[in-house]
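**Q** The following block contains the structure, expressed as structure tokens.
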Amino acid sequence: MQVEHLAKSYGGVRAVRDVSFEVHRGEVFALLGPNGAGKTTTVEILEGFRQRDRGAVTVLGFDPAGRPRELRDRLGIVLQECAVEPNLTVHEVLTRNAGYYRDPRPVDEVIELVGLQEKATSRVARLSGGQQRRLDVGLGIIGRPELIFLDEPTTGFDPGARRGAWELVRSLAHDGSTVILTTHYMDEAEALADQVAVVSSGRIVAQGPPSSIGGRDVAEAHIRFALDDPALAGTLPLAVQAHGGVYEVTTDDELGVLRALLDWSRDHDAPLVGLTVTRLTLEDVYLRLTAGHEVGSDEQRQHLTASTASTASTASTDEARREGTS
Amino acid sequence: MRVRAAMVGGDLRQMTRQIRYEQLAFWRNRFGAVFTVGFSVVFLLLLAAGGGTTHDSAIGGIAEIQYYVPGFAAYGVMSACYNNLGISLVNRRQTGLLKRLRLSPVATWVMFGAILGNAAVISIIQVALLLAIGRLGYSVVLPDQWVALVLAVVVGIICFTALGVAVSTFVSSQDSAGPIISLIFFVLLFLSGLWFPLKAGSTLDQVSNYFPIHHLIVAFFAPFDTAPHASPWAWHDLAVVAIWGAAATVIAIRRFAWEPRRS
């Protein structure tokens, strides 16, 4: 799949400004971004639901704009917030939809794959939110798709069901299906995706494998620990920041700092309680890259209030872009 | 040509299959089924009990039941094609079912045609049911000119389906779909002589003449009219219904949306 300089406006609102990426067969590709960033519009153009204004798109060798039947037969789509006929049973809905495809998976196999064996004869209206979501996933894979779009597939799942859904996505990718995933969950993108693209205000602001996106692999590490006797903090061998009872060192030489801390700990017989070393989490990268798009979390608010000028949000976005592309 | 014909044949089979699932879902939803089908039967029985055998001068002195049976058959068509379909389309659009339909690999006309076809099937079941009740329960005289009745049913189904699709494009929330669409329907029904035949030239008659409901009732009644020299062909009334249907089709095509409307 190839997307080049995709753009789409609604009225005067430029939902997608300039999006380019490439997805290879068998890859799991995650689109991350805040609400209104243009993820769903991008996916809808790839699905053939919406027409683009500009740019070139090829999906499985087809231009989705013409909605060719051949292409739709090979796509699986799991929509966000999308109902299923409430008065049919799980088995009936899957049987009906299996009939839309040339080479569908057996209905019972799909029911087992999404773990709805006990609900097969229940009406859709009587399923819980998580069960309905699993049915959505089942409807997405019933046609044995080569390419699957998953729009926030695990929203409303309990942790166990989420792990189950992740296993399913992995097994689909293992069997050769390509997966395009949009999600708000960083751990989901990290666990599943081979490639991540962060979308903000209609543009891709960073792209790469989840382990190195946004310079994660070369960014500074955070070392955190607590002390049983806070009075000893004054004798630490390097400058630390104290947050409540937790001490933090930010460094690009975590091995040197750890060596110094461990020596100090042995000499003073003072254990480093709850010692952790973290690099930027994917969430840190994401929040930095999408800062200014919307003020949604505490960290972003801090980020914004740190710069007092009224141009704070634009400034931080520019900064994020520079960092993202470096 | 043969390949194309085979594809259309496959599409028609697919549509028939889809209509069967639509039927299953419709009859399972007791509330919708009772409201659409039960309503016409219950009212017919009540009106028949309350004087169905009396003769009415507004319809040339023939028995009132001879008017109520085709009247409620017309109601059944309008209820399935306008009221039920209109509300159901708003619900389907707002909950994303239409978007899902649009994304399925089956041709869109097949999937959407099944929704409209389902309304037609419900209409025909109701017409048959009401005629059977009228014939067996109240000895209603069935038409000599069946073709006139079939024509009225077909025109009614097509035009009120168009009206149902058109009205669904004006309602932007599931909560208001039932109240708005049904309110328009029942106010116009009241004006249009469903519960009592309108006297020609009366104010109600003049007002209701501008709307399609009265004309459809008259077109359904014409083949049942046992008065001497009465014509079974209500061409003028069918033409008015057809004009409404054509206008509604234009509006429906221009305004139709597959995805939820954010109000």
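Every chain in the structure tokens takes a letter, A first, then B, and so on in the order presented; its residues are numbered from 1, and the ligands are numbered from 1 following the presented order.
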I need the residues in region 111-320 of chain A that are strand (DSSP E) according to DSSP; give them as a ChimeraX atom specification.

**A** /A:147-151,178-183,195-200,203-208,221-226,241-243,246-251,273-278

**Q** Identify every residue of chain A that has at least one atom within 8 Å of any atom of chain B, counting only C-alpha atoms, and report the result as a PyMOL selection string.

**A** chain A and resi 47-49+69-70+72-73+77+79+81-85+87-88+96+100-101

**Q** Just to be explicit: take each residue in the selection above, keep C-alpha atoms, and write the result as a short mmCIF file (atom, residue, chain, number, x, y, z; two decimals), in the first residue's frame.

**A**
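Output file out.cif is given in full below:
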data_model
loop_
_atom_site.label_atom_id
_atom_site.label_comp_id
_atom_site.auth_asym_id
_atom_site.auth_seq_id
_atom_site.Cartn_x
_atom_site.Cartn_y
_atom_site.Cartn_z
CA GLU A 47 -11.14 2.01 2.46
CA GLY A 48 -12.79 3.78 -0.47
CA PHE A 49 -15.51 5.27 1.73
CA ARG A 69 -15.56 -4.83 -5.88
CA GLU A 70 -12.39 -6.88 -6.24
CA ARG A 72 -13.57 -4.61 -1.23
CA ASP A 73 -13.68 -8.38 -1.33
CA ILE A 77 -12.78 -3.40 8.12
CA LEU A 79 -15.12 0.27 12.38
CA GLU A 81 -18.56 2.99 17.16
CA CYS A 82 -20.49 1.08 14.61
CA ALA A 83 -23.58 -0.98 15.38
CA VAL A 84 -24.55 -4.44 14.18
CA GLU A 85 -28.23 -5.38 13.62
CA ASN A 87 -32.12 -8.36 16.54
CA LEU A 88 -29.98 -10.96 14.82
CA ARG A 96 -25.01 -13.40 6.57
CA TYR A 100 -20.84 -11.37 0.95
CA TYR A 101 -17.35 -12.76 0.27
#

**Q** Skip region 240-246 of chain B itself and residues of its chain fewer than 2 positions away, then list as a list of chain:residue names all residues within 9 Å of it, counting only C-alpha atoms.

**A**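 The residues that qualify are B:Val155, B:Gly156, B:Ile158, B:Cys159, B:Phe160, B:Thr161, B:Ala162, B:Leu163, B:Asn209, B:Tyr210, B:Phe211, B:Pro212, B:Ile213, B:His215, B:Leu216, B:Trp235, B:His236, B:Asp237, B:Leu238, B:Ala248, B:Thr249, B:Val250, B:Ile251.
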
**Q** Which residues are near region 189-202 of chain B? Cut-off 12 Å, only C-alpha atoms, ignore same chain within fewer than 3 positions. Put them as a PyMOL selection string.

**A** chain B and resi 40+43-44+46-48+50-52+55-76+78-79+83+182-186+205-218+220-221

**Q** Determine, for each residue of region 262-289 of chain A having at least one atom at most 12 Å from an atom of region 16-37 of chain A, the closest pair of atoms and their separation in Å to one decimal, counting only C-alpha atoms; order by chain and ascending number, as CSV.

**A**
residue,atom,partner,partner_atom,distance
A:Leu282,CA,A:Leu32,CA,10.5
A:Glu283,CA,A:Leu32,CA,10.3
A:Val285,CA,A:Leu32,CA,11.1
A:Tyr286,CA,A:Gly33,CA,7.8
A:Leu287,CA,A:Gly33,CA,9.2
A:Arg288,CA,A:Gly33,CA,11.4
A:Leu289,CA,A:Gly33,CA,9.2

**Q** One decimal, in Å: what's the spacing between CA of Ala128 (chain B) and CA of Ile157 (chain B)?

**A**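 Pair CA of Ala128 (chain B) / CA of Ile157 (chain B) returns 14.2 Å.
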
**Q** Mind the document's chain letters and residue numbers, and return as a JSON list (two decimals) with C-alpha atoms, in the first residue's frame the residues of region 22-241 of chain A that DSSP labels alpha helix (DSSP H).

**A**
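The resulting out_6.json:
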[["chain", "number", "residue", "atom", "x", "y", "z"],
["A", 39, "LYS", "CA", -6.46, 9.35, 11.23],
["A", 40, "THR", "CA", -10.02, 8.28, 10.54],
["A", 41, "THR", "CA", -10.30, 10.41, 7.40],
["A", 42, "THR", "CA", -7.07, 8.89, 6.10],
["A", 43, "VAL", "CA", -8.31, 5.38, 6.79],
["A", 44, "GLU", "CA", -11.71, 6.13, 5.22],
["A", 45, "ILE", "CA", -9.98, 7.27, 2.02],
["A", 46, "LEU", "CA", -7.95, 4.05, 1.95],
["A", 47, "GLU", "CA", -11.14, 2.01, 2.46],
["A", 69, "ARG", "CA", -15.56, -4.83, -5.88],
["A", 70, "GLU", "CA", -12.39, -6.88, -6.24],
["A", 71, "LEU", "CA", -10.66, -4.65, -3.70],
["A", 72, "ARG", "CA", -13.57, -4.61, -1.23],
["A", 73, "ASP", "CA", -13.68, -8.38, -1.33],
["A", 90, "VAL", "CA", -24.03, -13.56, 16.56],
["A", 91, "HIS", "CA", -24.15, -16.66, 14.39],
["A", 92, "GLU", "CA", -26.75, -15.19, 12.02],
["A", 93, "VAL", "CA", -24.86, -11.94, 11.48],
["A", 94, "LEU", "CA", -21.61, -13.76, 10.78],
["A", 95, "THR", "CA", -23.33, -16.24, 8.45],
["A", 96, "ARG", "CA", -25.01, -13.40, 6.57],
["A", 97, "ASN", "CA", -21.77, -11.45, 6.15],
["A", 98, "ALA", "CA", -19.80, -14.57, 5.19],
["A", 107, "VAL", "CA", -18.39, -19.07, 10.72],
["A", 108, "ASP", "CA", -17.63, -21.36, 13.65],
["A", 109, "GLU", "CA", -13.92, -20.83, 13.21],
["A", 110, "VAL", "CA", -14.41, -17.04, 13.42],
["A", 111, "ILE", "CA", -16.63, -17.38, 16.50],
["A", 112, "GLU", "CA", -13.86, -19.35, 18.16],
["A", 113, "LEU", "CA", -11.14, -16.93, 17.03],
["A", 129, "GLY", "CA", -19.66, -3.66, 24.93],
["A", 130, "GLY", "CA", -16.53, -5.79, 24.80],
["A", 131, "GLN", "CA", -18.39, -8.71, 23.24],
["A", 132, "GLN", "CA", -19.87, -6.44, 20.55],
["A", 133, "ARG", "CA", -16.36, -5.20, 19.81],
["A", 134, "ARG", "CA", -15.21, -8.79, 19.43],
["A", 135, "LEU", "CA", -18.09, -9.41, 17.05],
["A", 136, "ASP", "CA", -16.91, -6.34, 15.08],
["A", 137, "VAL", "CA", -13.48, -7.92, 14.82],
["A", 138, "GLY", "CA", -15.11, -11.19, 13.75],
["A", 139, "LEU", "CA", -17.04, -9.36, 10.99],
["A", 140, "GLY", "CA", -13.76, -7.76, 9.92],
["A", 141, "ILE", "CA", -11.99, -11.07, 9.41],
["A", 159, "PRO", "CA", -7.19, -6.50, 30.05],
["A", 160, "GLY", "CA", -7.67, -10.21, 29.38],
["A", 161, "ALA", "CA", -9.74, -9.59, 26.26],
["A", 162, "ARG", "CA", -7.17, -7.06, 25.07],
["A", 163, "ARG", "CA", -4.37, -9.58, 25.28],
["A", 164, "GLY", "CA", -6.60, -12.01, 23.41],
["A", 165, "ALA", "CA", -7.24, -9.44, 20.67],
["A", 166, "TRP", "CA", -3.51, -8.72, 20.42],
["A", 167, "GLU", "CA", -2.82, -12.41, 19.98],
["A", 168, "LEU", "CA", -5.43, -12.47, 17.23],
["A", 169, "VAL", "CA", -3.84, -9.49, 15.43],
["A", 170, "ARG", "CA", -0.41, -11.15, 15.71],
["A", 171, "SER", "CA", -1.73, -14.41, 14.30],
["A", 172, "LEU", "CA", -3.44, -12.56, 11.42],
["A", 173, "ALA", "CA", -0.17, -10.80, 10.61],
["A", 174, "HIS", "CA", 1.69, -14.08, 10.98],
["A", 186, "MET", "CA", 0.57, 3.41, 23.25],
["A", 187, "ASP", "CA", 1.16, -0.06, 24.68],
["A", 188, "GLU", "CA", -1.01, -1.47, 21.92],
["A", 189, "ALA", "CA", 1.01, 0.24, 19.19],
["A", 190, "GLU", "CA", 4.22, -0.81, 20.92],
["A", 191, "ALA", "CA", 3.10, -4.42, 21.31],
["A", 192, "LEU", "CA", 1.72, -4.91, 17.82]]

**Q** For the atom pair CA of Ala177 (chain B) and CA of Leu204 (chain B), what is the interatomic distance in Å to one decimal place?

**A**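 One can read the CA of Ala177 (chain B) to CA of Leu204 (chain B) distance as 27.0 Å.
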
**Q** For CA of Leu149 (chain B) and CA of Pro223 (chain B), quote the distance in Å rounded to one decimal.

**A** 6.1 Å

**Q** From the set A:Ile223, A:Val124, A:Ala231, A:Val78, which residue has the shortest atom-to-atom contact distance to His268 (chain A), counting only C-alpha atoms?

**A**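 Smallest distance to His268 (chain A) is found for A:Ala231.
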